[in-house]
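Asker: TSV, C-alpha atoms and all ligand atoms, file entry_9.tsv:
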chain	number	residue	atom	x	y	z
N	25	MET	CA	0.00	0.00	0.00
N	26	ASN	CA	1.34	3.46	-0.71
N	27	ILE	CA	2.37	5.87	2.03
N	28	SER	CA	0.13	8.74	0.93
N	29	ARG	CA	-2.91	6.43	1.22
N	30	ASP	CA	-1.80	5.45	4.74
N	31	ILE	CA	-1.31	9.09	5.77
N	32	LEU	CA	-4.69	10.13	4.40
N	33	LEU	CA	-6.43	7.22	6.15
N	34	TRP	CA	-4.71	8.29	9.38
N	35	CYS	CA	-6.00	11.85	8.79
N	36	SER	CA	-9.53	10.48	8.24
N	37	ALA	CA	-9.58	9.17	11.83
N	38	ASN	CA	-7.73	12.03	13.55
N	39	PRO	CA	-10.05	13.75	16.11
N	40	TRP	CA	-8.52	17.26	15.80
N	41	MET	CA	-8.75	17.18	12.02
N	42	LYS	CA	-12.32	15.82	12.17
N	43	GLU	CA	-13.28	18.82	14.28
N	44	ASN	CA	-11.39	21.59	12.46
N	45	ILE	CA	-10.86	20.79	8.79
N	46	PRO	CA	-14.59	20.85	7.86
N	47	LYS	CA	-14.66	24.52	8.90
N	48	MET	CA	-12.13	25.49	6.22
N	49	GLY	CA	-13.83	27.09	3.24
N	50	PHE	CA	-11.49	25.78	0.56
N	51	VAL	CA	-12.04	22.19	1.73
N	52	ARG	CA	-15.81	22.70	1.69
N	53	GLY	CA	-15.45	23.89	-1.91
N	54	ALA	CA	-13.50	20.80	-2.92
N	55	VAL	CA	-16.02	18.45	-1.29
N	56	LYS	CA	-18.65	19.57	-3.81
N	57	LYS	CA	-16.95	17.33	-6.38
N	58	PHE	CA	-18.13	14.28	-4.40
N	59	MET	CA	-21.48	15.40	-2.99
N	60	PRO	CA	-24.20	17.63	-4.41
N	61	GLY	CA	-24.83	19.28	-1.02
N	62	GLU	CA	-25.30	18.73	2.70
N	63	ASN	CA	-29.12	18.34	2.68
N	64	VAL	CA	-31.33	15.50	1.55
N	65	GLU	CA	-33.01	17.96	-0.82
N	66	ASP	CA	-29.67	18.38	-2.61
N	67	ALA	CA	-29.45	14.61	-3.02
N	68	ILE	CA	-33.05	14.46	-4.29
N	69	LYS	CA	-32.34	17.13	-6.88
N	70	ALA	CA	-29.28	15.23	-8.11
N	71	ALA	CA	-31.23	11.93	-8.18
N	72	LYS	CA	-33.86	13.56	-10.41
N	73	ASP	CA	-31.13	14.50	-12.90
N	74	PHE	CA	-29.72	10.98	-12.85
N	75	LYS	CA	-33.20	9.53	-13.36
N	76	GLU	CA	-33.54	11.60	-16.54
N	77	VAL	CA	-30.61	9.73	-18.07
N	78	GLY	CA	-31.60	6.27	-16.83
N	79	ILE	CA	-29.23	6.10	-13.86
N	80	ARG	CA	-30.62	4.90	-10.55
N	81	THR	CA	-29.29	6.16	-7.22
N	82	VAL	CA	-28.70	5.22	-3.60
N	83	PHE	CA	-28.61	7.73	-0.74
N	84	THR	CA	-26.28	7.73	2.25
N	85	TYR	CA	-26.73	10.16	5.12
N	86	LEU	CA	-23.16	10.71	6.25
N	87	GLY	CA	-22.24	9.79	9.78
N	88	GLU	CA	-20.63	7.05	11.81
N	89	ASN	CA	-19.94	6.38	15.49
N	90	ILE	CA	-22.66	8.56	17.03
N	91	LYS	CA	-22.57	9.61	20.71
N	92	ASP	CA	-25.63	7.78	22.12
N	93	LEU	CA	-28.75	5.80	21.26
N	94	ASN	CA	-30.93	8.92	21.14
N	95	GLU	CA	-28.86	10.04	18.19
N	96	ALA	CA	-29.34	6.58	16.64
N	97	GLU	CA	-33.12	7.06	16.86
N	98	THR	CA	-32.83	10.45	15.16
N	99	VAL	CA	-30.76	8.95	12.35
N	100	ALA	CA	-33.24	6.08	11.90
N	101	ASP	CA	-36.11	8.61	11.75
N	102	HIS	CA	-34.18	10.58	9.16
N	103	TYR	CA	-33.83	7.48	6.96
N	104	LYS	CA	-37.55	6.68	7.29
N	105	GLN	CA	-38.47	10.23	6.30
N	106	THR	CA	-36.03	10.01	3.41
N	107	LEU	CA	-37.71	6.82	2.17
N	108	GLU	CA	-40.98	8.72	2.21
N	109	LYS	CA	-39.45	11.61	0.23
N	110	ILE	CA	-38.01	9.17	-2.29
N	111	HIS	CA	-41.46	7.64	-2.68
N	112	VAL	CA	-43.23	10.99	-3.05
N	113	ASN	CA	-40.72	12.10	-5.68
N	114	GLU	CA	-41.04	8.76	-7.51
N	115	LEU	CA	-37.30	8.27	-7.56
N	116	PRO	CA	-35.51	5.00	-8.39
N	117	THR	CA	-33.44	5.48	-5.24
N	118	GLU	CA	-32.44	3.05	-2.48
N	119	ILE	CA	-30.70	3.80	0.80
N	120	SER	CA	-27.42	2.63	2.28
N	121	LEU	CA	-26.33	3.04	5.89
N	122	LYS	CA	-23.63	2.29	8.40
N	123	LEU	CA	-24.70	0.23	11.42
N	124	THR	CA	-22.53	2.39	13.70
N	125	HIS	CA	-24.69	5.33	12.62
N	126	ILE	CA	-27.74	3.65	14.18
N	127	GLY	CA	-26.17	2.50	17.43
N	128	PHE	CA	-23.98	-0.58	16.69
N	129	ASN	CA	-21.37	0.56	19.24
N	130	TYR	CA	-23.96	0.62	22.01
N	131	SER	CA	-26.51	-2.13	21.48
N	132	ASN	CA	-26.95	-4.89	18.94
N	133	ASP	CA	-30.61	-5.30	19.78
N	134	LYS	CA	-31.45	-1.60	19.58
N	135	THR	CA	-29.60	-1.34	16.27
N	136	PHE	CA	-31.55	-4.34	15.03
N	137	GLU	CA	-34.84	-2.79	16.13
N	138	LEU	CA	-34.00	0.50	14.39
N	139	PHE	CA	-32.75	-1.18	11.24
N	140	LYS	CA	-35.84	-3.35	11.11
N	141	SER	CA	-38.09	-0.31	11.38
N	142	ILE	CA	-36.22	1.24	8.43
N	143	SER	CA	-36.46	-1.95	6.36
N	144	ILE	CA	-40.20	-2.25	7.10
N	145	LYS	CA	-40.66	1.31	5.87
N	146	ALA	CA	-38.58	0.47	2.79
N	147	LYS	CA	-40.73	-2.59	2.10
N	148	GLU	CA	-43.89	-0.51	2.38
N	149	TYR	CA	-42.53	1.58	-0.50
N	150	ASN	CA	-41.11	-1.40	-2.38
N	151	ASN	CA	-37.64	-0.08	-1.65
N	152	PHE	CA	-34.34	-1.58	-0.50
N	153	VAL	CA	-31.73	-0.97	2.24
N	154	TRP	CA	-28.00	-1.62	1.91
N	155	ILE	CA	-25.69	-2.16	4.88
N	156	ASP	CA	-22.26	-0.58	4.39
N	157	MET	CA	-19.23	-2.49	5.59
N	158	GLU	CA	-17.08	-0.56	8.06
N	159	GLN	CA	-13.64	-1.30	9.57
N	160	SER	CA	-12.67	-4.93	10.22
N	161	PRO	CA	-13.59	-5.02	13.96
N	162	TYR	CA	-17.21	-4.70	12.80
N	163	PHE	CA	-16.97	-7.28	10.03
N	164	HIS	CA	-18.07	-10.43	11.86
N	165	ARG	CA	-20.85	-8.66	13.76
N	166	THR	CA	-22.10	-7.01	10.57
N	167	VAL	CA	-22.29	-10.33	8.71
N	168	GLU	CA	-24.14	-11.94	11.65
N	169	PHE	CA	-26.47	-8.93	11.78
N	170	TYR	CA	-27.12	-9.35	8.07
N	171	ARG	CA	-27.94	-13.06	8.47
N	172	ARG	CA	-30.45	-12.18	11.18
N	173	ILE	CA	-32.20	-9.40	9.27
N	174	ARG	CA	-32.12	-11.37	6.00
N	175	SER	CA	-34.04	-14.19	7.70
N	176	GLU	CA	-36.85	-11.69	8.35
N	177	THR	CA	-36.89	-9.66	5.15
N	178	GLU	CA	-35.65	-9.86	1.58
N	179	ASN	CA	-35.12	-6.19	0.79
N	180	VAL	CA	-31.71	-5.85	2.45
N	181	GLY	CA	-28.20	-6.13	1.09
N	182	ILE	CA	-24.69	-6.18	2.53
N	183	CYS	CA	-21.39	-4.81	1.32
N	184	LEU	CA	-18.31	-7.10	1.19
N	185	GLN	CA	-14.70	-5.93	0.76
N	186	SER	CA	-12.19	-7.71	-1.48
N	187	TYR	CA	-9.16	-6.46	0.50
N	188	LEU	CA	-9.96	-8.90	3.33
N	189	TYR	CA	-8.50	-12.41	3.04
N	190	ARG	CA	-11.65	-13.92	4.53
N	191	THR	CA	-14.22	-12.46	2.14
N	192	LYS	CA	-14.28	-15.35	-0.36
N	193	GLU	CA	-15.00	-17.80	2.40
N	194	ASP	CA	-17.64	-15.54	3.96
N	195	LEU	CA	-19.36	-15.11	0.63
N	196	GLN	CA	-19.39	-18.87	0.12
N	197	LYS	CA	-21.20	-19.28	3.44
N	198	LEU	CA	-23.58	-16.38	2.79
N	199	LEU	CA	-24.69	-17.86	-0.51
N	200	ASP	CA	-26.85	-20.33	1.48
N	201	ILE	CA	-29.19	-17.50	2.50
N	202	SER	CA	-29.61	-16.04	-0.99
N	203	PRO	CA	-27.93	-12.76	-0.11
N	204	ASN	CA	-27.94	-9.38	-1.87
N	205	ILE	CA	-24.30	-8.39	-2.18
N	206	ARG	CA	-22.47	-5.19	-3.07
N	207	LEU	CA	-18.81	-5.94	-3.74
N	208	VAL	CA	-16.20	-3.22	-3.10
N	209	LYS	CA	-12.43	-3.21	-2.71
N	210	GLY	CA	-12.51	-1.64	0.79
N	211	ALA	CA	-11.90	1.90	1.99
N	212	TYR	CA	-10.24	1.63	5.42
N	213	LYS	CA	-6.75	1.13	6.77
N	214	GLU	CA	-6.42	-2.55	7.67
N	215	PRO	CA	-3.43	-4.56	8.96
N	216	ALA	CA	-1.61	-7.01	6.69
N	217	ALA	CA	-2.58	-9.81	9.06
N	218	ILE	CA	-6.14	-9.65	7.74
N	219	ALA	CA	-6.05	-7.68	4.47
N	220	PHE	CA	-3.97	-7.81	1.28
N	221	PRO	CA	-1.31	-5.09	1.53
N	222	GLU	CA	-0.76	-4.98	-2.24
N	223	LYS	CA	-3.33	-3.34	-4.51
N	224	THR	CA	-2.83	-5.92	-7.27
N	225	ASP	CA	-3.87	-8.67	-4.84
N	226	VAL	CA	-6.95	-6.67	-3.80
N	227	ASP	CA	-7.83	-6.26	-7.50
N	228	ASN	CA	-7.26	-9.95	-8.29
N	229	ASN	CA	-9.36	-10.98	-5.33
N	230	TYR	CA	-12.08	-8.57	-6.48
N	231	PHE	CA	-12.25	-10.34	-9.80
N	232	GLU	CA	-12.17	-13.82	-8.23
N	233	ILE	CA	-15.09	-12.90	-5.96
N	234	SER	CA	-16.89	-11.28	-8.91
N	235	LYS	CA	-16.73	-14.60	-10.73
N	236	MET	CA	-18.33	-16.31	-7.72
N	237	LEU	CA	-21.05	-13.67	-7.73
N	238	LEU	CA	-21.66	-13.97	-11.46
N	239	ILE	CA	-22.12	-17.73	-11.12
N	240	ALA	CA	-24.51	-17.09	-8.22
N	241	ILE	CA	-26.45	-14.57	-10.35
N	242	LYS	CA	-26.74	-17.19	-13.06
N	243	GLU	CA	-27.51	-20.24	-10.93
N	244	LYS	CA	-29.32	-18.82	-7.91
N	245	GLY	CA	-30.67	-15.54	-9.25
N	246	ILE	CA	-29.12	-13.51	-6.43
N	247	ARG	CA	-28.73	-9.72	-6.64
N	248	ALA	CA	-25.08	-8.70	-6.85
N	249	ALA	CA	-23.75	-5.21	-7.47
N	250	PHE	CA	-20.19	-4.55	-8.61
N	251	ALA	CA	-19.30	-1.28	-6.89
N	252	THR	CA	-16.10	-0.11	-8.49
N	253	HIS	CA	-14.69	2.57	-10.79
N	254	ASP	CA	-11.98	0.21	-12.03
N	255	LEU	CA	-12.65	0.09	-15.76
N	256	ASN	CA	-10.29	-2.82	-16.28
N	257	ILE	CA	-12.16	-4.94	-13.74
N	258	ILE	CA	-15.50	-3.81	-15.19
N	259	SER	CA	-14.41	-5.02	-18.66
N	260	ARG	CA	-13.33	-8.35	-17.22
N	261	ILE	CA	-16.68	-8.73	-15.42
N	262	GLU	CA	-18.54	-7.88	-18.63
N	263	ALA	CA	-16.52	-10.47	-20.57
N	264	TYR	CA	-16.98	-13.19	-17.96
N	265	ALA	CA	-20.73	-12.49	-17.75
N	266	LYS	CA	-20.97	-12.71	-21.54
N	267	MET	CA	-19.13	-16.03	-21.49
N	268	GLN	CA	-21.62	-17.29	-18.89
N	269	GLY	CA	-24.57	-16.09	-20.99
N	270	ILE	CA	-25.72	-13.56	-18.38
N	271	PRO	CA	-27.68	-10.75	-20.08
N	272	ARG	CA	-26.49	-7.15	-19.62
N	273	GLU	CA	-29.62	-6.05	-17.75
N	274	LYS	CA	-28.75	-8.55	-15.00
N	275	LEU	CA	-25.42	-6.82	-14.37
N	276	GLU	CA	-25.41	-3.99	-11.87
N	277	PHE	CA	-22.56	-1.52	-11.50
N	278	GLN	CA	-22.43	0.99	-8.68
N	279	MET	CA	-20.23	4.08	-8.54
N	280	LEU	CA	-19.87	7.13	-6.34
N	281	TYR	CA	-21.24	10.55	-7.21
N	282	GLY	CA	-18.61	12.62	-9.01
N	283	ILE	CA	-16.36	9.71	-10.01
N	284	LYS	CA	-16.26	8.52	-13.64
N	285	PRO	CA	-19.53	10.24	-14.68
N	286	THR	CA	-18.89	9.66	-18.39
N	287	GLU	CA	-18.39	5.94	-17.86
N	288	GLN	CA	-21.60	5.79	-15.82
N	289	LEU	CA	-23.48	7.10	-18.86
N	290	ILE	CA	-21.70	4.76	-21.26
N	291	LEU	CA	-22.56	1.71	-19.12
N	292	VAL	CA	-26.22	2.67	-18.91
N	293	LYS	CA	-26.36	3.24	-22.69
N	294	GLU	CA	-24.82	-0.20	-23.20
N	295	GLY	CA	-27.75	-1.73	-21.31
N	296	TYR	CA	-26.26	-2.32	-17.85
N	297	LYS	CA	-27.97	-1.28	-14.64
N	298	VAL	CA	-26.07	1.65	-13.13
N	299	ILE	CA	-26.54	3.00	-9.63
N	300	VAL	CA	-24.78	6.10	-8.31
N	301	LEU	CA	-24.30	6.49	-4.58
N	302	ILE	CA	-25.05	10.02	-3.44
N	303	SER	CA	-23.84	11.06	0.00
N	304	TYR	CA	-25.07	14.09	1.89
N	305	GLY	CA	-24.98	15.44	5.44
N	306	THR	CA	-22.75	17.72	7.47
N	307	TYR	CA	-20.54	14.94	8.86
N	308	TRP	CA	-18.52	14.48	5.70
N	309	TYR	CA	-14.91	14.78	6.87
N	310	PRO	CA	-13.86	11.09	7.44
N	311	TRP	CA	-15.84	9.93	4.43
N	312	TYR	CA	-14.31	12.64	2.24
N	313	VAL	CA	-10.73	11.90	3.32
N	314	ARG	CA	-11.30	8.21	2.50
N	315	ARG	CA	-12.23	9.40	-1.02
N	316	LEU	CA	-8.93	11.33	-1.17
N	317	ALA	CA	-7.06	8.23	-0.01
N	318	GLU	CA	-8.53	6.23	-2.90
N	319	ARG	CA	-6.83	8.63	-5.28
N	320	PRO	CA	-4.22	10.78	-3.53
N	321	ALA	CA	-4.02	12.94	-6.68
N	322	ASN	CA	-7.38	14.37	-5.47
N	323	VAL	CA	-5.43	16.27	-2.82
N	324	GLY	CA	-4.20	18.49	-5.67
N	325	PHE	CA	-7.82	19.38	-6.35
N	326	VAL	CA	-8.29	20.46	-2.71
N	327	LEU	CA	-5.17	22.62	-2.91
N	328	LYS	CA	-6.34	24.13	-6.19
N	329	ASN	CA	-9.48	25.27	-4.32
N	330	LEU	CA	-7.27	26.94	-1.75
N	331	PHE	CA	-5.86	29.21	-4.44
N	332	THR	CA	-8.98	29.75	-6.55
N	333	ASN	CA	-11.53	30.54	-3.79
Q	401	LIG	C1	-21.47	2.32	-4.35
Q	401	LIG	C2	-20.25	2.18	-3.49
Q	401	LIG	C3	-20.40	1.80	-2.16
Q	401	LIG	C4	-19.29	1.64	-1.33
Q	401	LIG	N1	-19.45	1.18	-0.06
Q	401	LIG	C5	-18.36	0.87	0.68
Q	401	LIG	C6	-18.49	0.24	1.95
Q	401	LIG	O1	-19.60	0.00	2.45
Q	401	LIG	N2	-17.35	-0.07	2.64
Q	401	LIG	C7	-16.10	0.18	2.12
Q	401	LIG	O2	-15.10	-0.17	2.77
Q	401	LIG	N3	-15.96	0.81	0.94
Q	401	LIG	C8	-17.05	1.15	0.20
Q	401	LIG	N4	-16.88	1.76	-1.03
Q	401	LIG	C9	-15.54	2.28	-1.42
Q	401	LIG	C10	-14.67	1.19	-2.05
Q	401	LIG	O3	-14.25	0.27	-1.05
Q	401	LIG	C11	-13.41	1.79	-2.70
Q	401	LIG	O4	-12.65	2.45	-1.72
Q	401	LIG	C12	-13.69	2.76	-3.84
Q	401	LIG	O5	-14.78	2.34	-4.60
Q	401	LIG	C13	-12.45	2.88	-4.77
Q	401	LIG	O6	-12.11	1.64	-5.29
Q	401	LIG	P1	-12.34	1.23	-6.82
Q	401	LIG	O7	-13.00	-0.12	-6.83
Q	401	LIG	O8	-13.03	2.28	-7.56
Q	401	LIG	O9	-10.90	0.93	-7.39
Q	401	LIG	P2	-9.58	1.81	-7.46
Q	401	LIG	O10	-8.55	0.90	-8.02
Q	401	LIG	O11	-9.32	2.47	-6.16
Q	401	LIG	O12	-9.95	2.92	-8.51
Q	401	LIG	C14	-10.11	2.66	-9.89
Q	401	LIG	C15	-10.08	3.99	-10.61
Q	401	LIG	O13	-11.25	4.74	-10.26
Q	401	LIG	C16	-10.95	6.11	-10.07
Q	401	LIG	N5	-11.20	6.45	-8.66
Q	401	LIG	C17	-11.40	5.61	-7.62
Q	401	LIG	N6	-11.63	6.28	-6.49
Q	401	LIG	C18	-11.55	7.60	-6.83
Q	401	LIG	C19	-11.70	8.80	-6.10
Q	401	LIG	N7	-11.97	8.79	-4.80
Q	401	LIG	N8	-11.58	9.96	-6.78
Q	401	LIG	C20	-11.33	9.99	-8.10
Q	401	LIG	N9	-11.18	8.88	-8.85
Q	401	LIG	C21	-11.29	7.70	-8.23
Q	401	LIG	C22	-9.49	6.27	-10.43
Q	401	LIG	O14	-9.43	6.59	-11.81
Q	401	LIG	C23	-8.91	4.90	-10.21
Q	401	LIG	O15	-7.79	4.64	-10.98
Q	401	LIG	C24	-17.98	1.91	-1.86
Q	401	LIG	C25	-17.84	2.27	-3.19
Q	401	LIG	C26	-18.94	2.40	-4.01
Q	401	LIG	C27	-18.74	2.75	-5.45
Can the structure in the file be given as structure tokens, please?

Answerer:
Amino acid sequence: MNISRDILLWCSANPWMKENIPKMGFVRGAVKKFMPGENVEDAIKAAKDFKEVGIRTVFTYLGENIKDLNEAETVADHYKQTLEKIHVNELPTEISLKLTHIGFNYSNDKTFELFKSISIKAKEYNNFVWIDMEQSPYFHRTVEFYRRIRSETENVGICLQSYLYRTKEDLQKLLDISPNIRLVKGAYKEPAAIAFPEKTDVDNNYFEISKMLLIAIKEKGIRAAFATHDLNIISRIEAYAKMQGIPREKLEFQMLYGIKPTEQLILVKEGYKVIVLISYGTYWYPWYVRRLAERPANVGFVLKNLFTN
């Protein structure tokens, strides 16, 4: 892994920086590249534009590691209201959340109760809820949580990360419950004892797991989303799917708002399902710095804002 990625991931978790950097105007300017605004209305406006061109969306209200369970209730209420707004606006938009944002650090049962209330609301509107995958200490608990909620409802999916050695094995076990999977490479700083230190290994593992998912799409009809901006991997997935006789409309690619917008349009025109994840909220600092870590050249863009604003 490269040093600049490590430094940026360290910055993403630094308490002083979390408190102070978001107040700096030039950083706020740069963040606009990755999110349309801080309010849900900004996300809704962007989702309407995407809908016009055939791109679906998923909303994430930014936040993680809240201070108590009252805050968890507020976040859960926010998501339920958002589902209602999505419904009223007739948007092809799902939601995606972090379990630590609805109390996972305090109570499994309360988090389950809150998540369930969100998924019931989603079902009422024929919608869907994704569970983000956070740092490795949450991995096992998140997968167990997913098994439990999946046994009660179908409209929930979980994110898996290809940088972890264990993911292939976990996916194999999850396939028994007909899961909905979003595959990513992984955004956090993880030790070499549990995660591939080299990017090429993360990429190779991504493709190996993608093949497992493509077979599961074909044989079990599961929902799998390939969440990546890696055009090389996307081409390999397309080729493997073609070889397996999987039609394009069964392939789902997910990307982040502001990254590879031209390719998003090309994929949708080619007949693939494309979903763009739109984040919003005031708590954007750690999330934003993880985006910088994915492509340290983005730091240049932040600095450019310093001189142009
Ligand atoms: C829909 C979605 C949901 C996600 N959910 C999670 C989650 O729950 N847990 C988790 O750990 N991670 C999540 N991620 C982040 C993911 O783990 C990666 O960190 C991120 O997607 C970058 O990896 P990549 O697959 O695009 O490949 P990379 O090899 O990192 O990037 C491929 C190419 O894409 C472009 N690119 C990638 N990132 C950026 C960027 N930030 N800015 C500009 N260009 C960029 C560059 O051209 C780069 O060469 C999610 C990603 C997506 C798209």

Asker: Taking only C-alpha atoms into account, produce a table as CSV in which each residue of range 166-219 of chain N with an atom at most 10 Å from an atom of range 149-161 of chain N appears once, together with its shortest atom pair and the distance in Å to one decimal, ordered by chain and rising number.

Answerer:
residue,atom,partner,partner_atom,distance
N:Thr166,CA,N:Met157,CA,7.3
N:Val167,CA,N:Met157,CA,9.0
N:Phe169,CA,N:Ile155,CA,9.7
N:Tyr170,CA,N:Ile155,CA,8.0
N:Glu178,CA,N:Phe152,CA,8.6
N:Asn179,CA,N:Phe152,CA,4.9
N:Val180,CA,N:Val153,CA,4.9
N:Gly181,CA,N:Trp154,CA,4.6
N:Ile182,CA,N:Ile155,CA,4.8
N:Cys183,CA,N:Asp156,CA,5.3
N:Leu184,CA,N:Met157,CA,6.4
N:Gln185,CA,N:Met157,CA,7.5
N:Leu188,CA,N:Ser160,CA,8.4
N:Asn204,CA,N:Trp154,CA,8.6
N:Ile205,CA,N:Trp154,CA,8.7
N:Arg206,CA,N:Trp154,CA,8.3
N:Leu207,CA,N:Met157,CA,10.0
N:Val208,CA,N:Met157,CA,9.2
N:Gly210,CA,N:Met157,CA,8.3
N:Ala211,CA,N:Glu158,CA,8.4
N:Tyr212,CA,N:Gln159,CA,6.1
N:Lys213,CA,N:Gln159,CA,7.8
N:Glu214,CA,N:Ser160,CA,7.2
N:Pro215,CA,N:Ser160,CA,9.3
N:Ile218,CA,N:Ser160,CA,8.4
N:Ala219,CA,N:Ser160,CA,9.2

Asker: Let me make sure I understand: among N:Val313, N:Val323, N:Ile246, N:Ile144, which one has the smallest atom-to-atom distance to Ser36 in chain N if we use only C-alpha atoms?

Answerer: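 When distances to Ser36 in chain N are compared using only C-alpha atoms, the smallest one comes from N:Val313.
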
Asker: Between CA of Arg29 in chain N and CA of Asp254 in chain N, what is the distance in Å, rounded to a tenth?

Answerer: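 Interatomic distance, CA of Arg29 in chain N to CA of Asp254 in chain N: 17.2 Å.
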
Asker: I'd like to know which of N:Asn256, N:Ser143, N:Asn63, N:Thr286 is closest to ligand LIG 401 (chain Q), using all atoms listed in the file.

Answerer: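 For ligand LIG 401 (chain Q), the nearest of the candidates is N:Asn256.
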
Asker: CA of Ile283 in chain N to atom N9 of ligand LIG 401 (chain Q): how many Å, to one decimal?

Answerer: 5.4 Å

Asker: Enter the distance from atom O10 of ligand LIG 401 (chain Q) to CA of Glu88 in chain N, in Å, rounded to one decimal.

Answerer: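 For atom O10 of ligand LIG 401 (chain Q) relative to CA of Glu88 in chain N, the distance reads 24.0 Å.
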
Asker: In terms of the shortest atom-to-atom distance over only C-alpha atoms and all ligand atoms, which of N:Ser259, N:Gln288, N:Ser234, N:Gln278 is closest to ligand LIG 401 (chain Q)?

Answerer: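 Checking each of N:Ser259, N:Gln288, N:Ser234, N:Gln278 against ligand LIG 401 (chain Q), counting only C-alpha atoms and all ligand atoms, the winner is N:Gln278.
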
Asker: Kindly indicate which residue among N:Thr224, N:Lys209, N:Ala240, N:Asn94 lies nearest to Leu195 in chain N, using all atoms listed in the file for the distances.

Answerer: N:Ala240

Asker: Please give the centre and size of the box around ligand LIG 401 (chain Q) (axis-aligned, containing every atom listed in the file, 5 Å added per side), with values in Å to one decimal and written as lines of an AutoDock Vina configuration file.

Answerer:
center_x = -14.6
center_y = 4.9
center_z = -4.5
size_x = 23.7
size_y = 20.2
size_z = 24.6

Asker: Using only C-alpha atoms, which residues sit within 10 Å of Leu32 in chain N once same-chain residues fewer than 2 positions away are excluded, as a PyMOL selection string?

Answerer: chain N and resi 27-30+34-38+213+310+313-318+320+323

Asker: Keeping C-alpha atoms, export the residues of the selection given above as a compact mmCIF listing (two decimals), in the coordinates of the input.

Answerer:
# COMPACT_ATOMS: atom_id res chain seq x y z
CA ILE N 27 2.37 5.87 2.03
CA SER N 28 0.13 8.74 0.93
CA ARG N 29 -2.91 6.43 1.22
CA ASP N 30 -1.80 5.45 4.74
CA TRP N 34 -4.71 8.29 9.38
CA CYS N 35 -6.00 11.85 8.79
CA SER N 36 -9.53 10.48 8.24
CA ALA N 37 -9.58 9.17 11.83
CA ASN N 38 -7.73 12.03 13.55
CA LYS N 213 -6.75 1.13 6.77
CA PRO N 310 -13.86 11.09 7.44
CA VAL N 313 -10.73 11.90 3.32
CA ARG N 314 -11.30 8.21 2.50
CA ARG N 315 -12.23 9.40 -1.02
CA LEU N 316 -8.93 11.33 -1.17
CA ALA N 317 -7.06 8.23 -0.01
CA GLU N 318 -8.53 6.23 -2.90
CA PRO N 320 -4.22 10.78 -3.53
CA VAL N 323 -5.43 16.27 -2.82

Asker: For a quick check of your reading of the model, name the residues lying within 10 Å of the coordinate (-21.6, 7.2, -15.6), counting all atoms listed in the file, and write them as a PyMOL selection string.

Answerer: chain N and resi 74+77+79+253+277-293+298-300

Asker: List as a PDB file with C-alpha atoms, in the coordinates of the input the protein and nucleic acid residues near Lys140 in chain N, meaning an atom at most 9 Å away when all atoms listed in the file are counted, but skip any in the same chain fewer than 5 places from it.

Answerer:
ATOM      1  CA  THR N 135     -29.600  -1.340  16.270  1.00  0.00           C
ATOM      2  CA  LYS N 145     -40.660   1.310   5.870  1.00  0.00           C
ATOM      3  CA  ILE N 173     -32.200  -9.400   9.270  1.00  0.00           C
ATOM      4  CA  GLU N 176     -36.850 -11.690   8.350  1.00  0.00           C
ATOM      5  CA  THR N 177     -36.890  -9.660   5.150  1.00  0.00           C
TER       6      THR N 177
END

Asker: For range 96-98 of chain N, please output as a list in words all residues within 7 Å (counting only C-alpha atoms; exclusion window: fewer than 3 positions along the same chain).

Answerer: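 Contacts, with the query itself left out: Ile90, Asp92, Leu93, Asp101, His102, His125, Ile126 and Gly127 of chain N.
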
Asker: I need the residue nearest Arg190 in chain N from this list: N:Asn129, N:Asn229, N:Asn322, N:Ser120. Use all atoms listed in the file for the distance.

Answerer: N:Asn229
